[in-house]
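Participant: My structure is in target.cif, and what it holds is mmCIF, C-alpha atoms:
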data_work
#
loop_
_atom_site.group_PDB
_atom_site.id
_atom_site.type_symbol
_atom_site.label_atom_id
_atom_site.label_comp_id
_atom_site.auth_asym_id
_atom_site.auth_seq_id
_atom_site.Cartn_x
_atom_site.Cartn_y
_atom_site.Cartn_z
ATOM 1 C CA MET A 22 0.000 0.000 0.000
ATOM 2 C CA ASN A 23 1.481 3.305 -1.086
ATOM 3 C CA GLN A 24 1.329 6.458 0.998
ATOM 4 C CA ILE A 25 1.077 9.814 -0.741
ATOM 5 C CA ASP A 26 1.458 13.433 0.272
ATOM 6 C CA SER A 27 -1.589 15.392 -0.831
ATOM 7 C CA GLU A 28 -4.467 17.443 0.447
ATOM 8 C CA THR A 29 -6.887 15.590 2.682
ATOM 9 C CA HIS A 30 -9.529 13.846 0.611
ATOM 10 C CA SER A 31 -13.105 14.913 1.195
ATOM 11 C CA ILE A 32 -14.568 11.670 2.529
ATOM 12 C CA THR A 33 -14.275 9.947 5.913
ATOM 13 C CA PRO A 34 -15.441 6.660 7.459
ATOM 14 C CA ALA A 35 -18.129 8.670 9.274
ATOM 15 C CA ASP A 36 -19.439 9.830 5.882
ATOM 16 C CA ILE A 37 -19.828 6.198 4.839
ATOM 17 C CA GLU A 38 -21.634 5.309 8.058
ATOM 18 C CA SER A 39 -23.908 8.317 7.539
ATOM 19 C CA ALA A 40 -24.616 7.134 4.001
ATOM 20 C CA ALA A 41 -25.443 3.645 5.269
ATOM 21 C CA LYS A 42 -27.984 5.119 7.687
ATOM 22 C CA ALA A 43 -29.486 7.342 4.981
ATOM 23 C CA LEU A 44 -29.817 4.469 2.510
ATOM 24 C CA ARG A 45 -31.455 2.063 4.948
ATOM 25 C CA PRO A 46 -35.060 3.188 4.237
ATOM 26 C CA TYR A 47 -34.464 2.756 0.497
ATOM 27 C CA LEU A 48 -32.187 -0.285 0.152
ATOM 28 C CA PRO A 49 -32.051 -3.348 2.404
ATOM 29 C CA PRO A 50 -28.584 -4.884 2.932
ATOM 30 C CA THR A 51 -27.557 -7.349 0.248
ATOM 31 C CA PRO A 52 -26.689 -10.952 1.165
ATOM 32 C CA LEU A 53 -23.219 -12.171 2.017
ATOM 33 C CA GLN A 54 -23.270 -15.818 1.015
ATOM 34 C CA HIS A 55 -20.709 -18.449 1.902
ATOM 35 C CA SER A 56 -19.973 -20.544 -1.162
ATOM 36 C CA ARG A 57 -19.043 -24.123 -0.466
ATOM 37 C CA ALA A 58 -18.463 -24.755 -4.177
ATOM 38 C CA PHE A 59 -15.965 -21.922 -4.606
ATOM 39 C CA THR A 60 -14.434 -22.637 -1.199
ATOM 40 C CA ASP A 61 -13.574 -26.121 -2.456
ATOM 41 C CA LYS A 62 -12.425 -24.840 -5.848
ATOM 42 C CA ALA A 63 -10.215 -22.016 -4.554
ATOM 43 C CA ARG A 64 -9.072 -23.852 -1.403
ATOM 44 C CA CYS A 65 -9.936 -20.944 0.839
ATOM 45 C CA HIS A 66 -13.099 -19.734 2.578
ATOM 46 C CA VAL A 67 -15.078 -17.822 -0.045
ATOM 47 C CA HIS A 68 -17.949 -15.417 0.653
ATOM 48 C CA LEU A 69 -19.896 -13.696 -2.129
ATOM 49 C CA LYS A 70 -21.328 -10.197 -1.605
ATOM 50 C CA ILE A 71 -24.315 -10.308 -3.939
ATOM 51 C CA GLU A 72 -24.985 -6.814 -5.294
ATOM 52 C CA SER A 73 -26.776 -8.277 -8.312
ATOM 53 C CA ILE A 74 -30.063 -8.331 -6.384
ATOM 54 C CA GLN A 75 -30.166 -4.550 -6.016
ATOM 55 C CA PRO A 76 -33.209 -2.892 -7.683
ATOM 56 C CA ILE A 77 -31.062 -2.047 -10.725
ATOM 57 C CA ARG A 78 -29.109 -5.329 -10.385
ATOM 58 C CA ALA A 79 -25.870 -3.500 -9.580
ATOM 59 C CA PHE A 80 -24.192 -1.698 -6.668
ATOM 60 C CA LYS A 81 -24.260 1.671 -8.443
ATOM 61 C CA VAL A 82 -27.673 2.477 -6.992
ATOM 62 C CA ARG A 83 -26.006 3.063 -3.616
ATOM 63 C CA GLY A 84 -23.902 6.013 -4.737
ATOM 64 C CA ALA A 85 -26.594 7.564 -6.910
ATOM 65 C CA LEU A 86 -29.203 7.432 -4.158
ATOM 66 C CA ASN A 87 -26.802 8.823 -1.570
ATOM 67 C CA LYS A 88 -25.980 11.725 -3.883
ATOM 68 C CA LEU A 89 -29.640 12.629 -4.358
ATOM 69 C CA ILE A 90 -30.473 12.157 -0.680
ATOM 70 C CA ARG A 91 -27.771 14.681 0.244
ATOM 71 C CA LEU A 92 -28.843 17.302 -2.299
ATOM 72 C CA PRO A 93 -30.873 20.223 -0.958
ATOM 73 C CA GLU A 94 -34.470 19.843 -2.086
ATOM 74 C CA GLY A 95 -34.310 22.916 -4.324
ATOM 75 C CA GLU A 96 -31.262 21.653 -6.208
ATOM 76 C CA ARG A 97 -32.709 18.163 -6.515
ATOM 77 C CA ALA A 98 -35.940 19.525 -7.995
ATOM 78 C CA ALA A 99 -33.950 20.961 -10.909
ATOM 79 C CA GLY A 100 -33.143 17.402 -11.963
ATOM 80 C CA VAL A 101 -29.941 15.469 -12.486
ATOM 81 C CA ILE A 102 -27.688 14.752 -15.410
ATOM 82 C CA THR A 103 -24.917 12.217 -15.797
ATOM 83 C CA ALA A 104 -22.760 10.211 -18.184
ATOM 84 C CA SER A 105 -22.554 6.463 -17.938
ATOM 85 C CA ALA A 106 -21.640 3.303 -19.771
ATOM 86 C CA GLY A 107 -24.661 1.655 -18.148
ATOM 87 C CA ASN A 108 -25.019 0.781 -14.479
ATOM 88 C CA HIS A 109 -24.389 4.262 -13.082
ATOM 89 C CA GLY A 110 -26.995 5.589 -15.470
ATOM 90 C CA LEU A 111 -29.398 2.986 -14.139
ATOM 91 C CA GLY A 112 -28.592 4.086 -10.594
ATOM 92 C CA VAL A 113 -29.182 7.759 -11.355
ATOM 93 C CA ALA A 114 -32.417 6.968 -13.219
ATOM 94 C CA TYR A 115 -33.652 4.883 -10.300
ATOM 95 C CA ALA A 116 -32.740 7.539 -7.744
ATOM 96 C CA ALA A 117 -34.384 10.265 -9.828
ATOM 97 C CA ALA A 118 -37.552 8.191 -10.128
ATOM 98 C CA THR A 119 -37.502 7.628 -6.359
ATOM 99 C CA PHE A 120 -37.526 11.389 -5.744
ATOM 100 C CA LYS A 121 -39.718 12.152 -8.777
ATOM 101 C CA VAL A 122 -37.210 14.481 -10.444
ATOM 102 C CA PRO A 123 -36.107 14.507 -14.101
ATOM 103 C CA ALA A 124 -32.940 12.695 -15.149
ATOM 104 C CA THR A 125 -30.854 12.803 -18.325
ATOM 105 C CA VAL A 126 -28.235 10.146 -18.981
ATOM 106 C CA TYR A 127 -25.580 10.614 -21.659
ATOM 107 C CA VAL A 128 -24.293 7.290 -22.966
ATOM 108 C CA PRO A 129 -21.526 6.573 -25.479
ATOM 109 C CA GLU A 130 -22.220 5.085 -28.889
ATOM 110 C CA THR A 131 -20.761 1.808 -27.650
ATOM 111 C CA ALA A 132 -23.029 1.593 -24.590
ATOM 112 C CA ASN A 133 -24.638 -1.712 -23.664
ATOM 113 C CA ALA A 134 -28.031 -1.616 -25.420
ATOM 114 C CA PHE A 135 -29.538 -3.845 -22.714
ATOM 115 C CA LYS A 136 -28.663 -1.269 -20.037
ATOM 116 C CA VAL A 137 -29.672 1.713 -22.170
ATOM 117 C CA GLU A 138 -33.162 0.284 -22.621
ATOM 118 C CA ALA A 139 -33.396 -0.349 -18.877
ATOM 119 C CA ILE A 140 -32.442 3.297 -18.208
ATOM 120 C CA ARG A 141 -35.283 4.416 -20.485
ATOM 121 C CA ARG A 142 -37.743 2.109 -18.720
ATOM 122 C CA LEU A 143 -36.941 3.894 -15.466
ATOM 123 C CA GLY A 144 -38.098 7.140 -17.041
ATOM 124 C CA ALA A 145 -34.799 8.881 -17.745
ATOM 125 C CA ARG A 146 -34.031 10.743 -20.958
ATOM 126 C CA VAL A 147 -31.155 9.079 -22.803
ATOM 127 C CA VAL A 148 -28.785 10.999 -25.076
ATOM 128 C CA VAL A 149 -26.241 9.085 -27.168
ATOM 129 C CA ALA A 150 -23.042 11.122 -27.460
ATOM 130 C CA GLY A 151 -19.357 10.374 -27.889
ATOM 131 C CA ARG A 152 -17.495 7.262 -28.929
ATOM 132 C CA ASN A 153 -16.639 6.294 -25.343
ATOM 133 C CA TYR A 154 -17.440 7.213 -21.744
ATOM 134 C CA GLY A 155 -15.053 10.187 -21.840
ATOM 135 C CA GLY A 156 -16.839 11.650 -24.833
ATOM 136 C CA ALA A 157 -20.257 11.149 -23.258
ATOM 137 C CA ASN A 158 -19.013 12.726 -20.030
ATOM 138 C CA THR A 159 -17.738 15.815 -21.870
ATOM 139 C CA GLU A 160 -21.097 16.254 -23.613
ATOM 140 C CA ALA A 161 -22.996 15.778 -20.360
ATOM 141 C CA LEU A 162 -20.906 18.408 -18.571
ATOM 142 C CA SER A 163 -21.518 20.870 -21.384
ATOM 143 C CA ALA A 164 -25.263 20.216 -21.269
ATOM 144 C CA GLN A 165 -25.316 20.568 -17.477
ATOM 145 C CA GLN A 166 -24.009 24.123 -17.687
ATOM 146 C CA GLU A 167 -26.936 25.076 -19.902
ATOM 147 C CA SER A 168 -29.659 23.076 -18.123
ATOM 148 C CA GLY A 169 -28.999 23.882 -14.462
ATOM 149 C CA ALA A 170 -29.443 20.236 -13.530
ATOM 150 C CA VAL A 171 -27.090 18.718 -10.953
ATOM 151 C CA PHE A 172 -24.253 16.670 -12.434
ATOM 152 C CA VAL A 173 -23.766 13.264 -10.806
ATOM 153 C CA HIS A 174 -20.331 11.892 -11.632
ATOM 154 C CA ALA A 175 -20.089 8.138 -12.046
ATOM 155 C CA TYR A 176 -17.265 7.784 -9.525
ATOM 156 C CA ASP A 177 -15.283 10.942 -8.759
ATOM 157 C CA ASP A 178 -17.727 12.412 -6.245
ATOM 158 C CA PRO A 179 -17.469 12.119 -2.439
ATOM 159 C CA ASP A 180 -21.187 11.384 -1.977
ATOM 160 C CA VAL A 181 -21.127 8.722 -4.676
ATOM 161 C CA VAL A 182 -17.988 7.127 -3.193
ATOM 162 C CA ALA A 183 -19.533 7.180 0.290
ATOM 163 C CA GLY A 184 -22.616 5.445 -1.052
ATOM 164 C CA GLN A 185 -20.569 2.691 -2.687
ATOM 165 C CA GLY A 186 -18.555 2.324 0.521
ATOM 166 C CA THR A 187 -21.681 1.287 2.428
ATOM 167 C CA ILE A 188 -21.006 -2.209 1.126
ATOM 168 C CA ALA A 189 -18.115 -2.334 3.600
ATOM 169 C CA THR A 190 -20.339 -1.468 6.563
ATOM 170 C CA GLU A 191 -22.587 -4.407 5.701
ATOM 171 C CA LEU A 192 -19.619 -6.742 5.291
ATOM 172 C CA LEU A 193 -18.277 -6.010 8.775
ATOM 173 C CA ALA A 194 -21.759 -6.413 10.253
ATOM 174 C CA ASP A 195 -22.144 -9.848 8.639
ATOM 175 C CA LEU A 196 -18.576 -11.168 8.828
ATOM 176 C CA GLU A 197 -16.487 -9.695 11.583
ATOM 177 C CA ASP A 198 -13.235 -11.308 10.517
ATOM 178 C CA PHE A 199 -11.965 -11.835 6.990
ATOM 179 C CA ASP A 200 -8.559 -11.527 5.421
ATOM 180 C CA THR A 201 -8.944 -10.387 1.813
ATOM 181 C CA ILE A 202 -11.486 -8.654 -0.391
ATOM 182 C CA LEU A 203 -11.512 -8.687 -4.191
ATOM 183 C CA VAL A 204 -13.129 -5.568 -5.665
ATOM 184 C CA PRO A 205 -13.836 -4.818 -9.355
ATOM 185 C CA VAL A 206 -12.314 -1.527 -10.526
ATOM 186 C CA GLY A 207 -13.597 0.768 -13.271
ATOM 187 C CA GLY A 208 -13.299 4.431 -12.356
ATOM 188 C CA GLY A 209 -12.541 3.476 -8.761
ATOM 189 C CA GLY A 210 -15.604 4.645 -6.823
ATOM 190 C CA LEU A 211 -16.408 1.232 -5.394
ATOM 191 C CA ILE A 212 -12.899 0.331 -4.310
ATOM 192 C CA GLY A 213 -12.325 3.877 -3.055
ATOM 193 C CA GLY A 214 -15.213 3.743 -0.597
ATOM 194 C CA VAL A 215 -14.756 0.109 0.395
ATOM 195 C CA SER A 216 -10.999 0.370 0.952
ATOM 196 C CA LEU A 217 -11.229 3.591 2.964
ATOM 197 C CA TYR A 218 -13.780 2.120 5.351
ATOM 198 C CA LEU A 219 -12.171 -1.281 5.756
ATOM 199 C CA LYS A 220 -8.689 0.127 6.370
ATOM 200 C CA ALA A 221 -10.108 2.479 8.996
ATOM 201 C CA ARG A 222 -11.959 -0.273 10.850
ATOM 202 C CA LYS A 223 -9.896 -3.395 10.077
ATOM 203 C CA PRO A 224 -6.503 -2.279 8.725
ATOM 204 C CA ASP A 225 -5.175 -5.833 8.352
ATOM 205 C CA ILE A 226 -7.740 -6.715 5.677
ATOM 206 C CA ARG A 227 -6.008 -6.929 2.311
ATOM 207 C CA VAL A 228 -7.845 -4.948 -0.370
ATOM 208 C CA ILE A 229 -7.200 -6.131 -3.928
ATOM 209 C CA GLY A 230 -8.590 -4.347 -6.960
ATOM 210 C CA VAL A 231 -9.430 -6.242 -10.131
ATOM 211 C CA GLU A 232 -9.295 -4.710 -13.607
ATOM 212 C CA PRO A 233 -9.586 -6.125 -17.126
ATOM 213 C CA SER A 234 -6.252 -6.284 -18.918
ATOM 214 C CA GLY A 235 -7.781 -4.190 -21.702
ATOM 215 C CA ALA A 236 -8.885 -1.438 -19.295
ATOM 216 C CA ASP A 237 -6.021 -1.286 -16.822
ATOM 217 C CA ALA A 238 -5.965 2.438 -16.064
ATOM 218 C CA MET A 239 -5.877 2.079 -12.273
ATOM 219 C CA TYR A 240 -3.203 -0.630 -12.468
ATOM 220 C CA ARG A 241 -0.987 1.573 -14.634
ATOM 221 C CA SER A 242 -1.708 4.662 -12.538
ATOM 222 C CA MET A 243 -0.752 2.859 -9.329
ATOM 223 C CA LYS A 244 2.499 1.712 -10.935
ATOM 224 C CA ALA A 245 3.277 5.183 -12.280
ATOM 225 C CA GLY A 246 2.322 7.064 -9.130
ATOM 226 C CA SER A 247 0.119 9.445 -11.128
ATOM 227 C CA ILE A 248 -3.058 9.179 -13.171
ATOM 228 C CA VAL A 249 -2.579 7.406 -16.494
ATOM 229 C CA THR A 250 -5.200 7.872 -19.211
ATOM 230 C CA LEU A 251 -5.541 5.025 -21.682
ATOM 231 C CA GLU A 252 -5.673 5.831 -25.371
ATOM 232 C CA ARG A 253 -7.783 2.763 -25.997
ATOM 233 C CA VAL A 254 -10.025 0.563 -23.863
ATOM 234 C CA THR A 255 -10.884 -2.954 -25.032
ATOM 235 C CA THR A 256 -12.846 -5.241 -22.744
ATOM 236 C CA ILE A 257 -16.060 -7.206 -22.624
ATOM 237 C CA ALA A 258 -16.688 -5.674 -19.178
ATOM 238 C CA ASP A 259 -18.448 -2.413 -20.085
ATOM 239 C CA GLY A 260 -18.893 -1.729 -16.366
ATOM 240 C CA LEU A 261 -15.100 -1.547 -15.940
ATOM 241 C CA ALA A 262 -14.234 0.283 -19.162
ATOM 242 C CA ALA A 263 -12.906 3.524 -17.675
ATOM 243 C CA SER A 264 -9.962 5.128 -19.488
ATOM 244 C CA ALA A 265 -8.670 6.745 -16.276
ATOM 245 C CA PRO A 266 -9.421 6.769 -12.555
ATOM 246 C CA GLY A 267 -10.758 9.968 -11.004
ATOM 247 C CA LYS A 268 -8.629 12.339 -8.950
ATOM 248 C CA LEU A 269 -10.433 11.422 -5.726
ATOM 249 C CA THR A 270 -10.623 7.703 -6.445
ATOM 250 C CA PHE A 271 -6.959 7.497 -7.426
ATOM 251 C CA GLU A 272 -5.952 9.226 -4.210
ATOM 252 C CA LEU A 273 -8.047 6.769 -2.198
ATOM 253 C CA ALA A 274 -6.564 3.812 -4.067
ATOM 254 C CA GLN A 275 -3.031 5.010 -3.453
ATOM 255 C CA ARG A 276 -3.742 5.335 0.255
ATOM 256 C CA TYR A 277 -5.772 2.222 0.920
ATOM 257 C CA VAL A 278 -5.536 -0.379 -1.861
ATOM 258 C CA ASP A 279 -2.865 -3.032 -1.428
ATOM 259 C CA GLU A 280 -2.717 -4.317 -4.995
ATOM 260 C CA VAL A 281 -4.467 -4.266 -8.361
ATOM 261 C CA VAL A 282 -4.504 -7.440 -10.453
ATOM 262 C CA LEU A 283 -5.547 -7.915 -14.069
ATOM 263 C CA VAL A 284 -7.946 -10.476 -15.514
ATOM 264 C CA GLU A 285 -8.688 -11.500 -19.082
ATOM 265 C CA ASP A 286 -12.068 -11.366 -20.782
ATOM 266 C CA SER A 287 -11.997 -15.155 -21.124
ATOM 267 C CA GLU A 288 -11.523 -15.509 -17.361
ATOM 268 C CA MET A 289 -14.502 -13.259 -16.625
ATOM 269 C CA LEU A 290 -16.616 -15.299 -19.048
ATOM 270 C CA ARG A 291 -15.657 -18.511 -17.246
ATOM 271 C CA GLY A 292 -16.490 -16.807 -13.960
ATOM 272 C CA ILE A 293 -19.972 -15.971 -15.275
ATOM 273 C CA ARG A 294 -20.509 -19.604 -16.245
ATOM 274 C CA LEU A 295 -19.337 -20.990 -12.912
ATOM 275 C CA LEU A 296 -21.435 -18.532 -10.910
ATOM 276 C CA PHE A 297 -24.473 -19.582 -12.916
ATOM 277 C CA GLU A 298 -23.808 -23.327 -12.834
ATOM 278 C CA TRP A 299 -22.595 -23.652 -9.250
ATOM 279 C CA GLU A 300 -24.516 -20.939 -7.407
ATOM 280 C CA HIS A 301 -27.355 -20.094 -9.837
ATOM 281 C CA LEU A 302 -26.287 -16.450 -9.727
ATOM 282 C CA LEU A 303 -26.220 -14.078 -12.677
ATOM 283 C CA ALA A 304 -23.181 -11.875 -13.192
ATOM 284 C CA GLU A 305 -22.180 -9.495 -15.935
ATOM 285 C CA PRO A 306 -18.459 -9.524 -16.834
ATOM 286 C CA ALA A 307 -17.674 -6.745 -14.326
ATOM 287 C CA GLY A 308 -19.562 -8.674 -11.665
ATOM 288 C CA ALA A 309 -17.494 -11.785 -12.319
ATOM 289 C CA ALA A 310 -14.122 -9.982 -12.329
ATOM 290 C CA GLY A 311 -13.431 -10.595 -8.636
ATOM 291 C CA LEU A 312 -14.189 -14.292 -8.983
ATOM 292 C CA ALA A 313 -11.931 -14.485 -12.054
ATOM 293 C CA ALA A 314 -9.118 -12.986 -9.999
ATOM 294 C CA LEU A 315 -9.727 -15.478 -7.192
ATOM 295 C CA LEU A 316 -9.760 -18.506 -9.480
ATOM 296 C CA TYR A 317 -6.937 -17.621 -11.851
ATOM 297 C CA HIS A 318 -4.604 -15.160 -10.112
ATOM 298 C CA HIS A 319 -4.975 -15.103 -6.326
ATOM 299 C CA ARG A 320 -2.863 -17.530 -4.297
ATOM 300 C CA PRO A 321 -4.669 -17.857 -0.967
ATOM 301 C CA ALA A 322 -2.967 -18.750 2.273
ATOM 302 C CA PRO A 323 -4.239 -21.777 4.249
ATOM 303 C CA ASN A 324 -7.643 -20.984 5.802
ATOM 304 C CA GLU A 325 -7.688 -17.527 4.225
ATOM 305 C CA ARG A 326 -11.134 -15.889 4.351
ATOM 306 C CA VAL A 327 -11.881 -14.098 1.076
ATOM 307 C CA VAL A 328 -14.805 -11.850 0.176
ATOM 308 C CA VAL A 329 -15.635 -11.449 -3.518
ATOM 309 C CA ILE A 330 -17.894 -8.575 -4.525
ATOM 310 C CA LEU A 331 -20.335 -9.678 -7.206
ATOM 311 C CA SER A 332 -20.936 -6.112 -8.320
ATOM 312 C CA GLY A 333 -23.664 -6.530 -10.921
ATOM 313 C CA GLY A 334 -25.799 -8.962 -12.871
ATOM 314 C CA ASN A 335 -26.892 -7.007 -15.959
ATOM 315 C CA VAL A 336 -25.625 -9.585 -18.412
ATOM 316 C CA THR A 337 -26.841 -9.632 -22.008
ATOM 317 C CA ASP A 338 -28.058 -12.818 -23.654
ATOM 318 C CA GLU A 339 -25.153 -12.637 -26.110
ATOM 319 C CA VAL A 340 -22.533 -12.502 -23.347
ATOM 320 C CA MET A 341 -24.334 -15.190 -21.365
ATOM 321 C CA LEU A 342 -24.304 -17.524 -24.351
ATOM 322 C CA ARG A 343 -20.587 -16.889 -24.855
ATOM 323 C CA ALA A 344 -19.987 -17.577 -21.166
ATOM 324 C CA LEU A 345 -21.919 -20.843 -21.181
ATOM 325 C CA LYS A 346 -19.803 -22.106 -24.050
ATOM 326 C CA THR A 347 -16.512 -21.583 -22.182
ATOM 327 C CA ARG A 348 -14.666 -24.442 -20.553
#
As structure tokens, how would this structure be written, given the file I've shared?

Facilitator:
Amino acid sequence: MNQIDSETHSITPADIESAAKALRPYLPPTPLQHSRAFTDKARCHVHLKIESIQPIRAFKVRGALNKLIRLPEGERAAGVITASAGNHGLGVAYAAATFKVPATVYVPETANAFKVEAIRRLGARVVVAGRNYGGANTEALSAQQESGAVFVHAYDDPDVVAGQGTIATELLADLEDFDTILVPVGGGGLIGGVSLYLKARKPDIRVIGVEPSGADAMYRSMKAGSIVTLERVTTIADGLAASAPGKLTFELAQRYVDEVVLVEDSEMLRGIRLLFEWEHLLAEPAGAAGLAALLYHHRPAPNERVVVILSGGNVTDEVMLRALKTR
């Protein structure tokens, strides 16, 4: 774990506990399930944190709801705007519908059509703009200045990070002692919140981020000691296809993340198949990234207790068919 000299980041463990309390009326805790099948396979004690049963079938609803809860009523009434490759847009659309305010979601041309349609079903306006998330984000920021709506960043926002970090409060309530957690990494909001809280409460827990090899911006940034922006992102995991971590999330990762490992698309596809066949759980590629790291890259110690975050289950039929054909 690297230490850095920088200004104090604008999120604390108390912020995450406050977010957990605020979210309780809207979102019940998700299950933490011991997996005998993966315990036998990985030769360590494996627990799955199942975020795929959230209302939008992904953890992103936590951060989006926390952001809207914390907005003054007058600002919230003006509506929200965001850019997303999929799940964050779903989270913002769901949160906006909860508070009955308008939402606009900018999505890139390459966005997952399955998720885009789900965003529309939740009542949000969808605008296709840009070839990738960065392009959509630029267009959304420009539109926000004209509209007066509140911009909700997908990951580089303290309220969003605090909302994602509430997963960690539930983990410690359900499983007092564990050794390692495997966390999917896109822009870094999830691992930022989770790592900050766990290191504050249980500093010996090893926090390992998991990125696709074709979208390894956090991995490269951690190695370089400064934010690296990828020229090209190529991965089946649209939920992890960030070209760069955020300023806040990178700072949190430098402070609190022990390691970032890379997985291949083929390994995530096999993870999807095994989750379905052995546990009857659906996972999108991003959701299966932690399991892929456990099965193909992590070398557990004897009796190690490992938590794997199954971050989302919005898998398309095409990807599911590809996954079921893997061996």

Participant: Per residue of region 243-338 of chain A within 9 Å of region 198-211 of chain A, record the nearest atom pair and its distance in Å to one decimal, counting only C-alpha atoms, with rows in chain order and ascending residue number, as JSON lines.

Facilitator:
{"residue": "A:Asp259", "atom": "CA", "partner": "A:Gly207", "partner_atom": "CA", "distance": 8.9}
{"residue": "A:Gly260", "atom": "CA", "partner": "A:Gly207", "partner_atom": "CA", "distance": 6.6}
{"residue": "A:Leu261", "atom": "CA", "partner": "A:Gly207", "partner_atom": "CA", "distance": 3.8}
{"residue": "A:Ala262", "atom": "CA", "partner": "A:Gly207", "partner_atom": "CA", "distance": 5.9}
{"residue": "A:Ala263", "atom": "CA", "partner": "A:Gly207", "partner_atom": "CA", "distance": 5.2}
{"residue": "A:Ser264", "atom": "CA", "partner": "A:Gly208", "partner_atom": "CA", "distance": 7.9}
{"residue": "A:Ala265", "atom": "CA", "partner": "A:Gly208", "partner_atom": "CA", "distance": 6.5}
{"residue": "A:Pro266", "atom": "CA", "partner": "A:Gly208", "partner_atom": "CA", "distance": 4.5}
{"residue": "A:Gly267", "atom": "CA", "partner": "A:Gly208", "partner_atom": "CA", "distance": 6.2}
{"residue": "A:Leu269", "atom": "CA", "partner": "A:Gly210", "partner_atom": "CA", "distance": 8.6}
{"residue": "A:Thr270", "atom": "CA", "partner": "A:Gly209", "partner_atom": "CA", "distance": 5.2}
{"residue": "A:Phe271", "atom": "CA", "partner": "A:Gly209", "partner_atom": "CA", "distance": 7.0}
{"residue": "A:Leu273", "atom": "CA", "partner": "A:Gly209", "partner_atom": "CA", "distance": 8.6}
{"residue": "A:Ala274", "atom": "CA", "partner": "A:Gly209", "partner_atom": "CA", "distance": 7.6}
{"residue": "A:Val281", "atom": "CA", "partner": "A:Val206", "partner_atom": "CA", "distance": 8.6}
{"residue": "A:Ala307", "atom": "CA", "partner": "A:Pro205", "partner_atom": "CA", "distance": 6.6}
{"residue": "A:Gly308", "atom": "CA", "partner": "A:Pro205", "partner_atom": "CA", "distance": 7.3}
{"residue": "A:Ala309", "atom": "CA", "partner": "A:Pro205", "partner_atom": "CA", "distance": 8.4}
{"residue": "A:Ala310", "atom": "CA", "partner": "A:Pro205", "partner_atom": "CA", "distance": 6.0}
{"residue": "A:Gly311", "atom": "CA", "partner": "A:Leu203", "partner_atom": "CA", "distance": 5.2}
{"residue": "A:Leu312", "atom": "CA", "partner": "A:Leu203", "partner_atom": "CA", "distance": 7.8}
{"residue": "A:Ala314", "atom": "CA", "partner": "A:Leu203", "partner_atom": "CA", "distance": 7.6}
{"residue": "A:Leu315", "atom": "CA", "partner": "A:Leu203", "partner_atom": "CA", "distance": 7.6}
{"residue": "A:Glu325", "atom": "CA", "partner": "A:Asp200", "partner_atom": "CA", "distance": 6.2}
{"residue": "A:Arg326", "atom": "CA", "partner": "A:Phe199", "partner_atom": "CA", "distance": 4.9}
{"residue": "A:Val327", "atom": "CA", "partner": "A:Thr201", "partner_atom": "CA", "distance": 4.8}
{"residue": "A:Val328", "atom": "CA", "partner": "A:Ile202", "partner_atom": "CA", "distance": 4.6}
{"residue": "A:Val329", "atom": "CA", "partner": "A:Leu203", "partner_atom": "CA", "distance": 5.0}
{"residue": "A:Ile330", "atom": "CA", "partner": "A:Val204", "partner_atom": "CA", "distance": 5.7}
{"residue": "A:Leu331", "atom": "CA", "partner": "A:Pro205", "partner_atom": "CA", "distance": 8.4}
{"residue": "A:Ser332", "atom": "CA", "partner": "A:Pro205", "partner_atom": "CA", "distance": 7.3}

Participant: May I have the residues from that selection written out with C-alpha atoms, as a compact mmCIF listing (two decimals), in the coordinates of the input?

Facilitator:
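File part_15.txt, as written:
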# COMPACT_ATOMS: atom_id res chain seq x y z
CA ASP A 259 -18.45 -2.41 -20.08
CA GLY A 260 -18.89 -1.73 -16.37
CA LEU A 261 -15.10 -1.55 -15.94
CA ALA A 262 -14.23 0.28 -19.16
CA ALA A 263 -12.91 3.52 -17.68
CA SER A 264 -9.96 5.13 -19.49
CA ALA A 265 -8.67 6.74 -16.28
CA PRO A 266 -9.42 6.77 -12.56
CA GLY A 267 -10.76 9.97 -11.00
CA LEU A 269 -10.43 11.42 -5.73
CA THR A 270 -10.62 7.70 -6.44
CA PHE A 271 -6.96 7.50 -7.43
CA LEU A 273 -8.05 6.77 -2.20
CA ALA A 274 -6.56 3.81 -4.07
CA VAL A 281 -4.47 -4.27 -8.36
CA ALA A 307 -17.67 -6.74 -14.33
CA GLY A 308 -19.56 -8.67 -11.66
CA ALA A 309 -17.49 -11.78 -12.32
CA ALA A 310 -14.12 -9.98 -12.33
CA GLY A 311 -13.43 -10.60 -8.64
CA LEU A 312 -14.19 -14.29 -8.98
CA ALA A 314 -9.12 -12.99 -10.00
CA LEU A 315 -9.73 -15.48 -7.19
CA GLU A 325 -7.69 -17.53 4.22
CA ARG A 326 -11.13 -15.89 4.35
CA VAL A 327 -11.88 -14.10 1.08
CA VAL A 328 -14.80 -11.85 0.18
CA VAL A 329 -15.64 -11.45 -3.52
CA ILE A 330 -17.89 -8.57 -4.53
CA LEU A 331 -20.34 -9.68 -7.21
CA SER A 332 -20.94 -6.11 -8.32

Participant: Can you check which parts of region 164-279 of chain A lie within 9 Å of region 47-56 of chain A? Per residue, the shortest pair of atoms and distance in Å to one decimal, counting only C-alpha atoms, sorted by chain and number, as a tab-separated table.

Facilitator:
residue	atom	partner	partner_atom	distance
A:Ile188	CA	A:Pro50	CA	8.2
A:Glu191	CA	A:Pro50	CA	6.6
A:Leu192	CA	A:Leu53	CA	7.3
A:Asp195	CA	A:Leu53	CA	7.1
A:Leu196	CA	A:Leu53	CA	8.3

Participant: Just checking: using all atoms listed in the file, which residue out of A:Glu130, A:Asp178, A:Glu288, A:Asp338 ends up closest to Tyr317 (chain A)?

Facilitator: A:Glu288

Participant: Which one of A:Ala258, A:Val101, A:Ala58, A:Ala238 sits closest to Val113 (chain A) if you count all atoms listed in the file?

Facilitator: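 Using all atoms listed in the file, Val113 (chain A) sits closest to A:Val101.
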